[in-house]
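**Q** Next comes model38.pdb, PDB, C-alpha atoms:
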MODEL        1
ATOM      1  CA  MET O   1       4.827  -8.262  16.825  1.00  0.00           C
ATOM      2  CA  SER O   2       1.685 -10.357  16.463  1.00  0.00           C
ATOM      3  CA  ARG O   3      -0.014 -11.213  13.178  1.00  0.00           C
ATOM      4  CA  GLU O   4      -2.848  -8.852  14.111  1.00  0.00           C
ATOM      5  CA  GLN O   5      -0.409  -5.969  14.709  1.00  0.00           C
ATOM      6  CA  LYS O   6       1.261  -6.577  11.349  1.00  0.00           C
ATOM      7  CA  VAL O   7      -2.076  -6.648   9.539  1.00  0.00           C
ATOM      8  CA  ALA O   8      -3.176  -3.502  11.421  1.00  0.00           C
ATOM      9  CA  ALA O   9      -0.073  -1.629  10.196  1.00  0.00           C
ATOM     10  CA  VAL O  10      -0.846  -2.551   6.583  1.00  0.00           C
ATOM     11  CA  GLU O  11      -4.545  -1.774   6.985  1.00  0.00           C
ATOM     12  CA  ALA O  12      -3.645   1.687   8.320  1.00  0.00           C
ATOM     13  CA  TYR O  13      -1.801   2.186   5.019  1.00  0.00           C
ATOM     14  CA  LEU O  14      -4.864   1.084   3.042  1.00  0.00           C
ATOM     15  CA  ASP O  15      -7.200   3.152   5.230  1.00  0.00           C
ATOM     16  CA  CYS O  16      -5.379   6.363   4.307  1.00  0.00           C
ATOM     17  CA  PHE O  17      -6.870   6.036   0.815  1.00  0.00           C
ATOM     18  CA  ALA O  18     -10.416   6.002   2.214  1.00  0.00           C
ATOM     19  CA  THR O  19      -9.917   8.696   4.850  1.00  0.00           C
ATOM     20  CA  LYS O  20      -7.486  10.819   2.800  1.00  0.00           C
ATOM     21  CA  ASP O  21      -5.478  11.098   6.041  1.00  0.00           C
ATOM     22  CA  LEU O  22      -1.816  10.080   6.080  1.00  0.00           C
ATOM     23  CA  SER O  23      -1.254  10.900   9.757  1.00  0.00           C
ATOM     24  CA  LYS O  24      -1.835   7.334  10.993  1.00  0.00           C
ATOM     25  CA  LEU O  25       0.733   5.780   8.674  1.00  0.00           C
ATOM     26  CA  SER O  26       3.680   4.227  10.446  1.00  0.00           C
ATOM     27  CA  LEU O  27       6.458   4.516   7.865  1.00  0.00           C
ATOM     28  CA  ALA O  28      10.149   4.130   8.658  1.00  0.00           C
ATOM     29  CA  GLU O  29      12.402   7.086   7.822  1.00  0.00           C
ATOM     30  CA  ASP O  30      14.188   4.917   5.230  1.00  0.00           C
ATOM     31  CA  VAL O  31      11.028   3.401   3.687  1.00  0.00           C
ATOM     32  CA  VAL O  32      11.251   2.374   0.021  1.00  0.00           C
ATOM     33  CA  PHE O  33       8.270   2.369  -2.368  1.00  0.00           C
ATOM     34  CA  GLU O  34       8.493   0.430  -5.631  1.00  0.00           C
ATOM     35  CA  GLY O  35       5.797   0.278  -8.273  1.00  0.00           C
ATOM     36  CA  PRO O  36       5.609  -0.752 -11.923  1.00  0.00           C
ATOM     37  CA  ARG O  37       4.801   2.677 -13.383  1.00  0.00           C
ATOM     38  CA  MET O  38       7.352   4.821 -11.604  1.00  0.00           C
ATOM     39  CA  PRO O  39      10.925   5.001 -10.360  1.00  0.00           C
ATOM     40  CA  THR O  40      11.733   3.715  -6.869  1.00  0.00           C
ATOM     41  CA  LEU O  41      10.979   6.241  -4.135  1.00  0.00           C
ATOM     42  CA  ALA O  42      13.086   6.355  -0.971  1.00  0.00           C
ATOM     43  CA  GLY O  43      12.566   8.162   2.311  1.00  0.00           C
ATOM     44  CA  ARG O  44       9.520   8.831   4.471  1.00  0.00           C
ATOM     45  CA  GLN O  45       8.850  12.367   3.223  1.00  0.00           C
ATOM     46  CA  THR O  46       9.222  11.371  -0.438  1.00  0.00           C
ATOM     47  CA  VAL O  47       6.811   8.437  -0.063  1.00  0.00           C
ATOM     48  CA  LEU O  48       4.328  10.560   1.905  1.00  0.00           C
ATOM     49  CA  GLY O  49       4.488  13.216  -0.821  1.00  0.00           C
ATOM     50  CA  PHE O  50       3.746  10.638  -3.490  1.00  0.00           C
ATOM     51  CA  LEU O  51       0.854   9.149  -1.511  1.00  0.00           C
ATOM     52  CA  ALA O  52      -0.578  12.632  -0.909  1.00  0.00           C
ATOM     53  CA  SER O  53      -0.470  13.279  -4.654  1.00  0.00           C
ATOM     54  CA  ILE O  54      -2.495  10.153  -5.516  1.00  0.00           C
ATOM     55  CA  LEU O  55      -5.025  10.274  -2.653  1.00  0.00           C
ATOM     56  CA  PRO O  56      -7.486  12.480  -4.585  1.00  0.00           C
ATOM     57  CA  THR O  57      -7.673   9.963  -7.453  1.00  0.00           C
ATOM     58  CA  VAL O  58      -8.543   6.975  -5.244  1.00  0.00           C
ATOM     59  CA  LYS O  59     -12.270   6.374  -4.828  1.00  0.00           C
ATOM     60  CA  GLY O  60     -12.093   3.225  -2.724  1.00  0.00           C
ATOM     61  CA  ILE O  61     -10.269   0.075  -1.646  1.00  0.00           C
ATOM     62  CA  VAL O  62     -11.689  -3.445  -1.556  1.00  0.00           C
ATOM     63  CA  LEU O  63      -9.478  -5.686   0.568  1.00  0.00           C
ATOM     64  CA  LYS O  64      -9.204  -9.268  -0.679  1.00  0.00           C
ATOM     65  CA  GLN O  65      -6.555 -10.988   1.442  1.00  0.00           C
ATOM     66  CA  HIS O  66      -3.521 -10.636   3.739  1.00  0.00           C
ATOM     67  CA  ILE O  67      -0.736 -13.225   3.778  1.00  0.00           C
ATOM     68  CA  VAL O  68       1.605 -12.930   6.763  1.00  0.00           C
ATOM     69  CA  GLU O  69       4.994 -14.625   6.892  1.00  0.00           C
ATOM     70  CA  GLY O  70       7.612 -13.520   9.399  1.00  0.00           C
ATOM     71  CA  ASP O  71       8.158  -9.756   9.115  1.00  0.00           C
ATOM     72  CA  TYR O  72       6.331  -9.574   5.777  1.00  0.00           C
ATOM     73  CA  VAL O  73       2.709  -8.968   4.876  1.00  0.00           C
ATOM     74  CA  ALA O  74       1.470  -9.480   1.330  1.00  0.00           C
ATOM     75  CA  THR O  75      -1.899  -7.922   0.554  1.00  0.00           C
ATOM     76  CA  VAL O  76      -4.286  -8.357  -2.356  1.00  0.00           C
ATOM     77  CA  PHE O  77      -6.803  -5.567  -2.963  1.00  0.00           C
ATOM     78  CA  ASP O  78      -8.671  -3.652  -5.628  1.00  0.00           C
ATOM     79  CA  MET O  79      -8.126   0.096  -5.797  1.00  0.00           C
ATOM     80  CA  GLU O  80     -10.881   2.023  -7.534  1.00  0.00           C
ATOM     81  CA  THR O  81      -9.488   5.153  -9.165  1.00  0.00           C
ATOM     82  CA  ALA O  82     -10.798   7.858 -11.447  1.00  0.00           C
ATOM     83  CA  GLY O  83      -9.412   5.830 -14.379  1.00  0.00           C
ATOM     84  CA  GLY O  84     -10.831   2.447 -13.370  1.00  0.00           C
ATOM     85  CA  VAL O  85      -9.923  -0.353 -10.994  1.00  0.00           C
ATOM     86  CA  ASP O  86      -6.338  -1.388 -10.280  1.00  0.00           C
ATOM     87  CA  HIS O  87      -5.987  -4.986  -9.106  1.00  0.00           C
ATOM     88  CA  VAL O  88      -3.085  -4.772  -6.670  1.00  0.00           C
ATOM     89  CA  PHE O  89      -0.782  -7.319  -5.064  1.00  0.00           C
ATOM     90  CA  ARG O  90       1.557  -5.806  -2.506  1.00  0.00           C
ATOM     91  CA  PRO O  91       4.178  -8.302  -1.393  1.00  0.00           C
ATOM     92  CA  ASP O  92       7.040  -7.487   0.903  1.00  0.00           C
ATOM     93  CA  SER O  93       5.422  -4.879   3.116  1.00  0.00           C
ATOM     94  CA  HIS O  94       8.429  -5.300   5.348  1.00  0.00           C
ATOM     95  CA  LEU O  95       7.836  -4.315   8.941  1.00  0.00           C
ATOM     96  CA  GLY O  96      10.834  -3.351  11.045  1.00  0.00           C
ATOM     97  CA  ARG O  97      11.485  -5.697  13.964  1.00  0.00           C
ATOM     98  CA  GLN O  98      12.430  -2.908  16.339  1.00  0.00           C
ATOM     99  CA  ASP O  99      10.023  -0.098  15.553  1.00  0.00           C
ATOM    100  CA  HIS O 100       7.207  -1.986  13.765  1.00  0.00           C
ATOM    101  CA  LYS O 101       7.148   0.626  11.006  1.00  0.00           C
ATOM    102  CA  ILE O 102       6.670  -0.171   7.334  1.00  0.00           C
ATOM    103  CA  LYS O 103      10.096  -0.286   5.691  1.00  0.00           C
ATOM    104  CA  GLY O 104       9.181  -1.435   2.199  1.00  0.00           C
ATOM    105  CA  ILE O 105       6.172  -1.139  -0.085  1.00  0.00           C
ATOM    106  CA  HIS O 106       6.291  -3.060  -3.353  1.00  0.00           C
ATOM    107  CA  ALA O 107       3.175  -2.814  -5.508  1.00  0.00           C
ATOM    108  CA  PHE O 108       2.316  -4.915  -8.555  1.00  0.00           C
ATOM    109  CA  TYR O 109      -0.941  -4.184 -10.307  1.00  0.00           C
ATOM    110  CA  TYR O 110      -2.822  -4.141 -13.545  1.00  0.00           C
ATOM    111  CA  PRO O 111      -5.565  -1.671 -14.402  1.00  0.00           C
ATOM    112  CA  GLN O 112      -9.108  -2.419 -15.462  1.00  0.00           C
ATOM    113  CA  GLN O 113     -10.539   0.615 -17.227  1.00  0.00           C
ATOM    114  CA  SER O 114     -13.888   1.934 -16.159  1.00  0.00           C
ATOM    115  CA  ALA O 115     -16.850   1.753 -18.561  1.00  0.00           C
ATOM    116  CA  GLU O 116     -16.630   5.541 -19.067  1.00  0.00           C
ATOM    117  CA  ALA O 117     -12.932   5.360 -19.945  1.00  0.00           C
ATOM    118  CA  GLN O 118     -13.523   2.526 -22.421  1.00  0.00           C
ATOM    119  CA  ALA O 119     -16.289   4.424 -24.267  1.00  0.00           C
TER     120      ALA O 119
ENDMDL
END
Step by step, read the file and then write its structure as structure tokens.

**A**
Amino acid sequence: MSREQKVAAVEAYLDCFATKDLSKLSLAEDVVFEGPRMPTLAGRQTVLGFLASILPTVKGIVLKQHIVEGDYVATVFDMETAGGVDHVFRPDSHLGRQDHKIKGIHAFYYPQQSAEAQA
């Protein structure tokens, strides 16, 4: 799998927040999602259900950088939500060697409240 293919798989994940369409996501059946504000989620349907539940709150994504090393892609981006901007670092977007599907999503972020939320 080329660097461009790996980045494309991660960008399809990010694009679902703009398009509100999860159909282009290439997630493995045993995908694991870990984030700081929730318990670990396991399984394709569970992760898709979670993503579907947060899609309406996401207003936009501003991509900052991809770092590709082996089967891993780390991505830095800002996610604008109804409650402000989350600055996100997603290391370990592990891509399966055989099927090229995302096997792991690990998100680390800190929120920046919007001006309306601070008032």

**Q** Using only C-alpha atoms, can you tell me which of O:Thr40, O:Pro56, O:Cys16, O:Ile67 comes closest to Glu4 (chain O)?

**A** O:Ile67

**Q** Which of these residues is nearest to Ala8 (chain O), using all atoms listed in the file: O:Leu55, O:Val88, O:Leu48, O:Ile102?

**A**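 Comparing O:Leu55, O:Val88, O:Leu48, O:Ile102 against Ala8 (chain O), the winner is O:Ile102.
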
**Q** In terms of the shortest atom-to-atom distance over only C-alpha atoms, which of O:Val47, O:Met79, O:Val7, O:Ala42 is closest to Leu22 (chain O)?

**A**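 Between O:Val47, O:Met79, O:Val7, O:Ala42, the residue approaching Leu22 (chain O) most closely is O:Val47.
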
**Q** Looking at all atoms listed in the file, which of O:Asp71, O:Phe77, O:Ala52, O:Gly83 is the one that sits closest to Ser23 (chain O)?

**A**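 When distances to Ser23 (chain O) are compared using all atoms listed in the file, the smallest one comes from O:Ala52.
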
**Q** Record the distance separating CA of Glu69 (chain O) and CA of Asp30 (chain O), expressed in Å with one decimal.

**A**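 Going from CA of Glu69 (chain O) over to CA of Asp30 (chain O), I get 21.7 Å.
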
**Q** For Asp15 (chain O), which residue out of O:Gly70, O:Val62, O:Gly84, O:Met38 is the nearest one, using all atoms listed in the file?

**A**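 When distances to Asp15 (chain O) are compared using all atoms listed in the file, the smallest one comes from O:Val62.
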
**Q** What gap, in Å, lies between CA of Val68 (chain O) and CA of His106 (chain O)?

**A**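 Interatomic distance here is 14.9 Å.
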
**Q** Quote the spacing between CA of Gln5 (chain O) and CA of Ile105 (chain O) in Å to one decimal place.

**A**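 Between CA of Gln5 (chain O) and CA of Ile105 (chain O) the gap is 16.9 Å.
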
**Q** For Ala74 (chain O), which of O:Ile54, O:Ala12, O:Ala107, O:Val32 is the closest residue, counting all atoms listed in the file?

**A**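 Distance minimum relative to Ala74 (chain O) lands on O:Ala107.
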
**Q** Put the listed atoms of region 2-15 of chain O in a box along x, y and z with 4 Å added on every side and give me the centre and edge lengths in Å to one decimal, as JSON.

**A**
{"center_x": -2.8, "center_y": -4.0, "center_z": 9.8, "size_x": 16.9, "size_y": 22.4, "size_z": 21.4}

**Q** Near Leu27 (chain O), counting only C-alpha atoms, which residues have an atom at most 8 Å away, once you skip same-chain residues fewer than 4 positions from it, shown as a PyMOL selection string?

**A** chain O and resi 31+44+101-103

**Q** Excluding Glu80 (chain O) and any residue of its chain fewer than 6 positions from it, enumerate the residues within 8 Å of it, using all atoms listed in the file, and give them as a PDB file with C-alpha atoms, keeping the file's coordinate frame.

**A**
ATOM      1  CA  VAL O  58      -8.543   6.975  -5.244  1.00  0.00           C
ATOM      2  CA  LYS O  59     -12.270   6.374  -4.828  1.00  0.00           C
ATOM      3  CA  GLY O  60     -12.093   3.225  -2.724  1.00  0.00           C
ATOM      4  CA  ILE O  61     -10.269   0.075  -1.646  1.00  0.00           C
ATOM      5  CA  ASP O  86      -6.338  -1.388 -10.280  1.00  0.00           C
TER       6      ASP O  86
END

**Q** Residues within 10 Å of Phe108 (chain O), please, as a VMD selection string. Count all atoms listed in the file; anything in the same chain fewer than 2 positions from it doesn't count.

**A** chain O and resid 34 to 37 76 86 to 91 106 110
